[in-house]
Amino acid sequence: MKILVTGGTGYIGSHACVELLTAGHAVVIVDNLSNSSPRVLERIAQITGRQPAFHELDVRDRAALDRIFDAGKFDAIIHFAGVKAVAESVADPLKYYSNNVYGSLTLFEAAARHDVTRVVFSSSATVYGETARSPIREDAATAPANPYGRTKLIVEQQLGDLCAAGSEWRVAALRYFNPVGAHPSGIIGEAPQGVPNNLMPYVCQVAAGRLSELSVFGHDYPTPDGTAIRDYIHVVDLARGHLKALEYLERTRGMHVINLGTGRGTSVLDMLGTFERVNALRIPHRFTARRPGDTTETYADAARAAQFLGWRTELTLADMCRDAWRWQQANPAGYV
Ligand code: NAD
Ligand code: UDP
């Protein structure tokens, strides 16, 4: 297949491109490079032996998108492009509505004009909101607690309405839980700008000595060790889920909302302990107050992905910790 990958130079998109190219698909990446480096392209080529086509553009640019679609027919789109920082979305909601909602609308309009009606969309477990009970099934109520989550839900609804219009649309909205880790080669990985907000990149930077210690946010949660529980998923497993979704859309029409998670909960201390053990390191840490807005426990019911896509995660928490650290060590300052 020939796949248009928006946001393909980003963290998850780059891993998906590696899997797509390895499986023999043709890949065209579009990205405005607002949160990624063009060096990712050489790295993808280093792993796969194939360089994906790349166009620097913003998905809100209708004319630029038309030029890409006019240049050759795509079989499907994987739409990763977007902005993703929850706190920033509270401070600057228009940035989120513009990039994520308007950007998606512009992309889907261009796709419709060119009869490309197969879409895999990066959604998020944030659409479930804070009160959902884990394991969270896809039919749980949606109640996003911040503008970022609302933009993801609005795009899901756009896509659902397109499918309901009785057209040819075939859509998988994949609700990711907590993607972590890096390609096992250590050649591509997550390169956050500034001080990381998320647990795994923060732990890696403490391990590297770039940050002095980890603050564990909350030690009084009603969990076995008092720290909060999440569903961490290896980014390579996640990337492979997108290939499975593309295959699924070959056989099925309409809108499909599917969780991508392991179905297992891991506490902050479980993560820390595993990272220390597999990498033979100590991570200085101390317990601090809970982070506002954090849930106690969020993990997926992963049954639908298994049933619909025939997809299950294969990589372990130990793999996630080992691969994240390998990438960090080989690329201490990211893609420079
Ligand atoms: P990322 O920032 O590494 O990748 C996103 C890419 O999109 C970047 O390369 C960025 O430059 C590009 N981009 C942003 N706005 C754009 C625009 N208007 N036009 C063109 N390109 C644009 O993020 P990621 O972690 O790889 O996330 C990919 C997708 O998955 C996002 O939609 C994100 O919301 C979603 N998601 C991520 C997580 C996570 O924890 N990483 C969890 C759930 C969902
Ligand atoms: N966390 C932490 N210290 C940090 C960053 C995160 O204790 O420096 C905790 C956070 O409170 C949450 C878990 O690690 O319980 C995962 O946080 P992350 O931001 O990675 O994901 P999210 O909360 O968005 O699921």
# chains A, B, ... in the order shown; residues from 1 in each chain; ligands from 1
$ residues_near_ligand --ligand "ligand 1" --cutoff "9 Å" --atoms "only C-alpha atoms and all ligand atoms" --output "VMD selection string"
chain A and resid 6 to 15 30 to 37 56 to 61 79 to 85 98 to 100 102 to 104 121 to 126 148 to 149 152 174 to 180 190 to 192 198 235
$ residues_near_ligand --ligand "ligand 2" --cutoff "10 Å" --atoms "only C-alpha atoms and all ligand atoms" --output "PyMOL selection string"
chain A and resi 85-86+124-126+177-180+195-203+206+213-219+221+227-232+266-269+271-272+285-299
$ residues_around --residues "Ile188 in chain A" --least-positions-apart "4" --cutoff "12 Å" --atoms "only C-alpha atoms" --output "JSON, numbers by chain"
{"A": [9, 10, 11, 12, 13, 14, 15, 16, 17, 18, 36, 37, 39, 40, 41, 42, 43, 44, 45, 46, 47, 48, 181, 182, 183, 184, 235, 236, 323, 324, 325, 326, 327, 328, 329, 330, 331, 334, 335]}
$ write_last_selection --atoms "N, CA and C atoms" --output "tab-separated table (two decimals), in the first residue's frame"
chain	number	residue	atom	x	y	z
A	9	THR	N	7.54	12.28	11.33
A	9	THR	CA	8.87	12.44	11.91
A	9	THR	C	8.81	12.51	13.44
A	10	GLY	N	7.60	12.46	14.01
A	10	GLY	CA	7.46	12.49	15.46
A	10	GLY	C	7.78	11.14	16.10
A	11	TYR	N	7.60	11.10	17.40
A	11	TYR	CA	7.99	9.92	18.19
A	11	TYR	C	7.26	8.65	17.72
A	12	ILE	N	5.96	8.65	17.77
A	12	ILE	CA	5.23	7.43	17.41
A	12	ILE	C	5.24	7.24	15.89
A	13	GLY	N	5.07	8.34	15.16
A	13	GLY	CA	5.03	8.27	13.70
A	13	GLY	C	6.31	7.66	13.12
A	14	SER	N	7.46	8.02	13.68
A	14	SER	CA	8.72	7.49	13.13
A	14	SER	C	8.79	5.98	13.33
A	15	HIS	N	8.32	5.51	14.49
A	15	HIS	CA	8.33	4.05	14.72
A	15	HIS	C	7.33	3.35	13.80
A	16	ALA	N	6.22	4.00	13.53
A	16	ALA	CA	5.24	3.40	12.62
A	16	ALA	C	5.82	3.35	11.20
A	17	CYS	N	6.55	4.39	10.80
A	17	CYS	CA	7.15	4.40	9.45
A	17	CYS	C	8.13	3.24	9.30
A	18	VAL	N	8.91	2.97	10.34
A	18	VAL	CA	9.85	1.84	10.30
A	18	VAL	C	9.09	0.54	10.06
A	36	SER	N	9.67	17.96	15.88
A	36	SER	CA	10.51	16.83	15.44
A	36	SER	C	11.63	17.36	14.56
A	37	SER	N	12.57	16.46	14.28
A	37	SER	CA	13.76	16.84	13.52
A	37	SER	C	13.76	16.11	12.18
A	39	ARG	N	16.26	14.99	10.85
A	39	ARG	CA	17.27	13.90	10.95
A	39	ARG	C	16.62	12.53	11.15
A	40	VAL	N	15.40	12.54	11.64
A	40	VAL	CA	14.67	11.27	11.81
A	40	VAL	C	14.63	10.49	10.50
A	41	LEU	N	14.57	11.22	9.39
A	41	LEU	CA	14.43	10.55	8.09
A	41	LEU	C	15.63	9.67	7.78
A	42	GLU	N	16.85	10.22	8.06
A	42	GLU	CA	18.07	9.40	7.83
A	42	GLU	C	18.08	8.20	8.77
A	43	ARG	N	17.59	8.43	9.98
A	43	ARG	CA	17.59	7.33	10.96
A	43	ARG	C	16.63	6.21	10.53
A	44	ILE	N	15.49	6.62	10.00
A	44	ILE	CA	14.55	5.60	9.50
A	44	ILE	C	15.22	4.81	8.38
A	45	ALA	N	15.92	5.52	7.51
A	45	ALA	CA	16.62	4.86	6.39
A	45	ALA	C	17.72	3.94	6.91
A	46	GLN	N	18.39	4.38	7.97
A	46	GLN	CA	19.46	3.55	8.56
A	46	GLN	C	18.89	2.21	9.07
A	47	ILE	N	17.70	2.24	9.62
A	47	ILE	CA	17.11	1.00	10.14
A	47	ILE	C	16.53	0.14	9.02
A	48	THR	N	15.85	0.79	8.08
A	48	THR	CA	15.05	0.01	7.12
A	48	THR	C	15.74	-0.16	5.77
A	181	GLY	N	9.43	3.87	25.60
A	181	GLY	CA	10.44	3.03	24.99
A	181	GLY	C	10.89	3.59	23.66
A	182	ALA	N	11.66	2.80	22.94
A	182	ALA	CA	12.28	3.25	21.70
A	182	ALA	C	12.54	2.01	20.85
A	183	HIS	N	12.90	2.26	19.59
A	183	HIS	CA	13.26	1.13	18.72
A	183	HIS	C	14.45	0.40	19.35
A	184	PRO	N	14.46	-0.94	19.31
A	184	PRO	CA	15.54	-1.69	19.98
A	184	PRO	C	16.93	-1.40	19.43
A	235	VAL	N	6.51	1.41	22.32
A	235	VAL	CA	6.17	2.15	21.10
A	235	VAL	C	6.24	1.25	19.86
A	236	VAL	N	7.06	0.20	19.89
A	236	VAL	CA	7.13	-0.69	18.72
A	236	VAL	C	5.86	-1.55	18.65
A	323	ASP	N	15.08	-0.48	26.26
A	323	ASP	CA	15.16	0.21	24.97
A	323	ASP	C	15.16	1.73	25.15
A	324	ALA	N	14.39	2.23	26.13
A	324	ALA	CA	14.39	3.69	26.38
A	324	ALA	C	15.79	4.13	26.80
A	325	TRP	N	16.44	3.33	27.65
A	325	TRP	CA	17.77	3.70	28.15
A	325	TRP	C	18.83	3.56	27.05
A	326	ARG	N	18.70	2.55	26.21
A	326	ARG	CA	19.65	2.39	25.10
A	326	ARG	C	19.61	3.63	24.19
A	327	TRP	N	18.40	4.06	23.84
A	327	TRP	CA	18.22	5.25	23.00
A	327	TRP	C	18.80	6.48	23.70
A	328	GLN	N	18.51	6.64	24.98
A	328	GLN	CA	18.99	7.81	25.73
A	328	GLN	C	20.52	7.86	25.75
A	329	GLN	N	21.11	6.70	25.99
A	329	GLN	CA	22.58	6.67	26.07
A	329	GLN	C	23.22	7.01	24.73
A	330	ALA	N	22.64	6.48	23.65
A	330	ALA	CA	23.23	6.70	22.33
A	330	ALA	C	22.95	8.12	21.81
A	331	ASN	N	21.90	8.76	22.36
A	331	ASN	CA	21.49	10.08	21.85
A	331	ASN	C	21.18	10.99	23.03
A	334	GLY	N	19.13	13.92	22.11
A	334	GLY	CA	18.12	13.71	21.07
A	334	GLY	C	18.75	13.72	19.67
A	335	TYR	N	18.03	14.28	18.70
A	335	TYR	CA	18.48	14.24	17.30
A	335	TYR	C	19.35	15.45	17.00
$ residues_around --residues "Lys73 in chain A" --least-positions-apart "4" --cutoff "9 Å" --atoms "only C-alpha atoms" --output "PDB file with C-alpha atoms, in the first residue's frame"
ATOM      1  CA  LYS A   2       0.952   3.650  -0.370  1.00  0.00           C
ATOM      2  CA  PHE A  69      -2.711  14.242  -2.934  1.00  0.00           C
ATOM      3  CA  HIS A 114      -9.121  12.919  -3.632  1.00  0.00           C
ATOM      4  CA  ASP A 115     -11.244   9.871  -2.787  1.00  0.00           C
ATOM      5  CA  VAL A 116      -8.953   8.670  -0.011  1.00  0.00           C
TER       6      VAL A 116
END
$ closest_residue --among "A:Asp319, A:Glu130, A:Glu314, A:Glu276" --to "Leu238 in chain A" --atoms "only C-alpha atoms"
A:Glu314
$ closest_residue --among "A:His25, A:Arg282, A:Val171, A:Lys244" --to "Gly209 in chain A" --atoms "only C-alpha atoms"
A:Arg282
$ closest_residue --among "A:Arg240, A:His234, A:Arg304, A:Arg277" --to "Thr316 in chain A" --atoms "only C-alpha atoms"
A:His234
$ residues_around --residues "Trp311 in chain A" --least-positions-apart "5" --cutoff "10 Å" --atoms "only C-alpha atoms" --output "VMD selection string"
chain A and resid 237 to 238 240 to 245 260 302 to 306
$ residues_around --residues "Ile77 in chain A" --least-positions-apart "4" --cutoff "8 Å" --atoms "only C-alpha atoms" --output "PyMOL selection string"
chain A and resi 3-6+116+118-120
$ closest_residue --among "A:Arg62, A:Arg322, A:Arg210, A:Arg170" --to "Val278 in chain A" --atoms "only C-alpha atoms"
A:Arg322
$ closest_residue --among "A:Ala318, A:Asp66, A:Gly263, A:Pro222" --to "Ala280 in chain A" --atoms "only C-alpha atoms"
A:Ala318
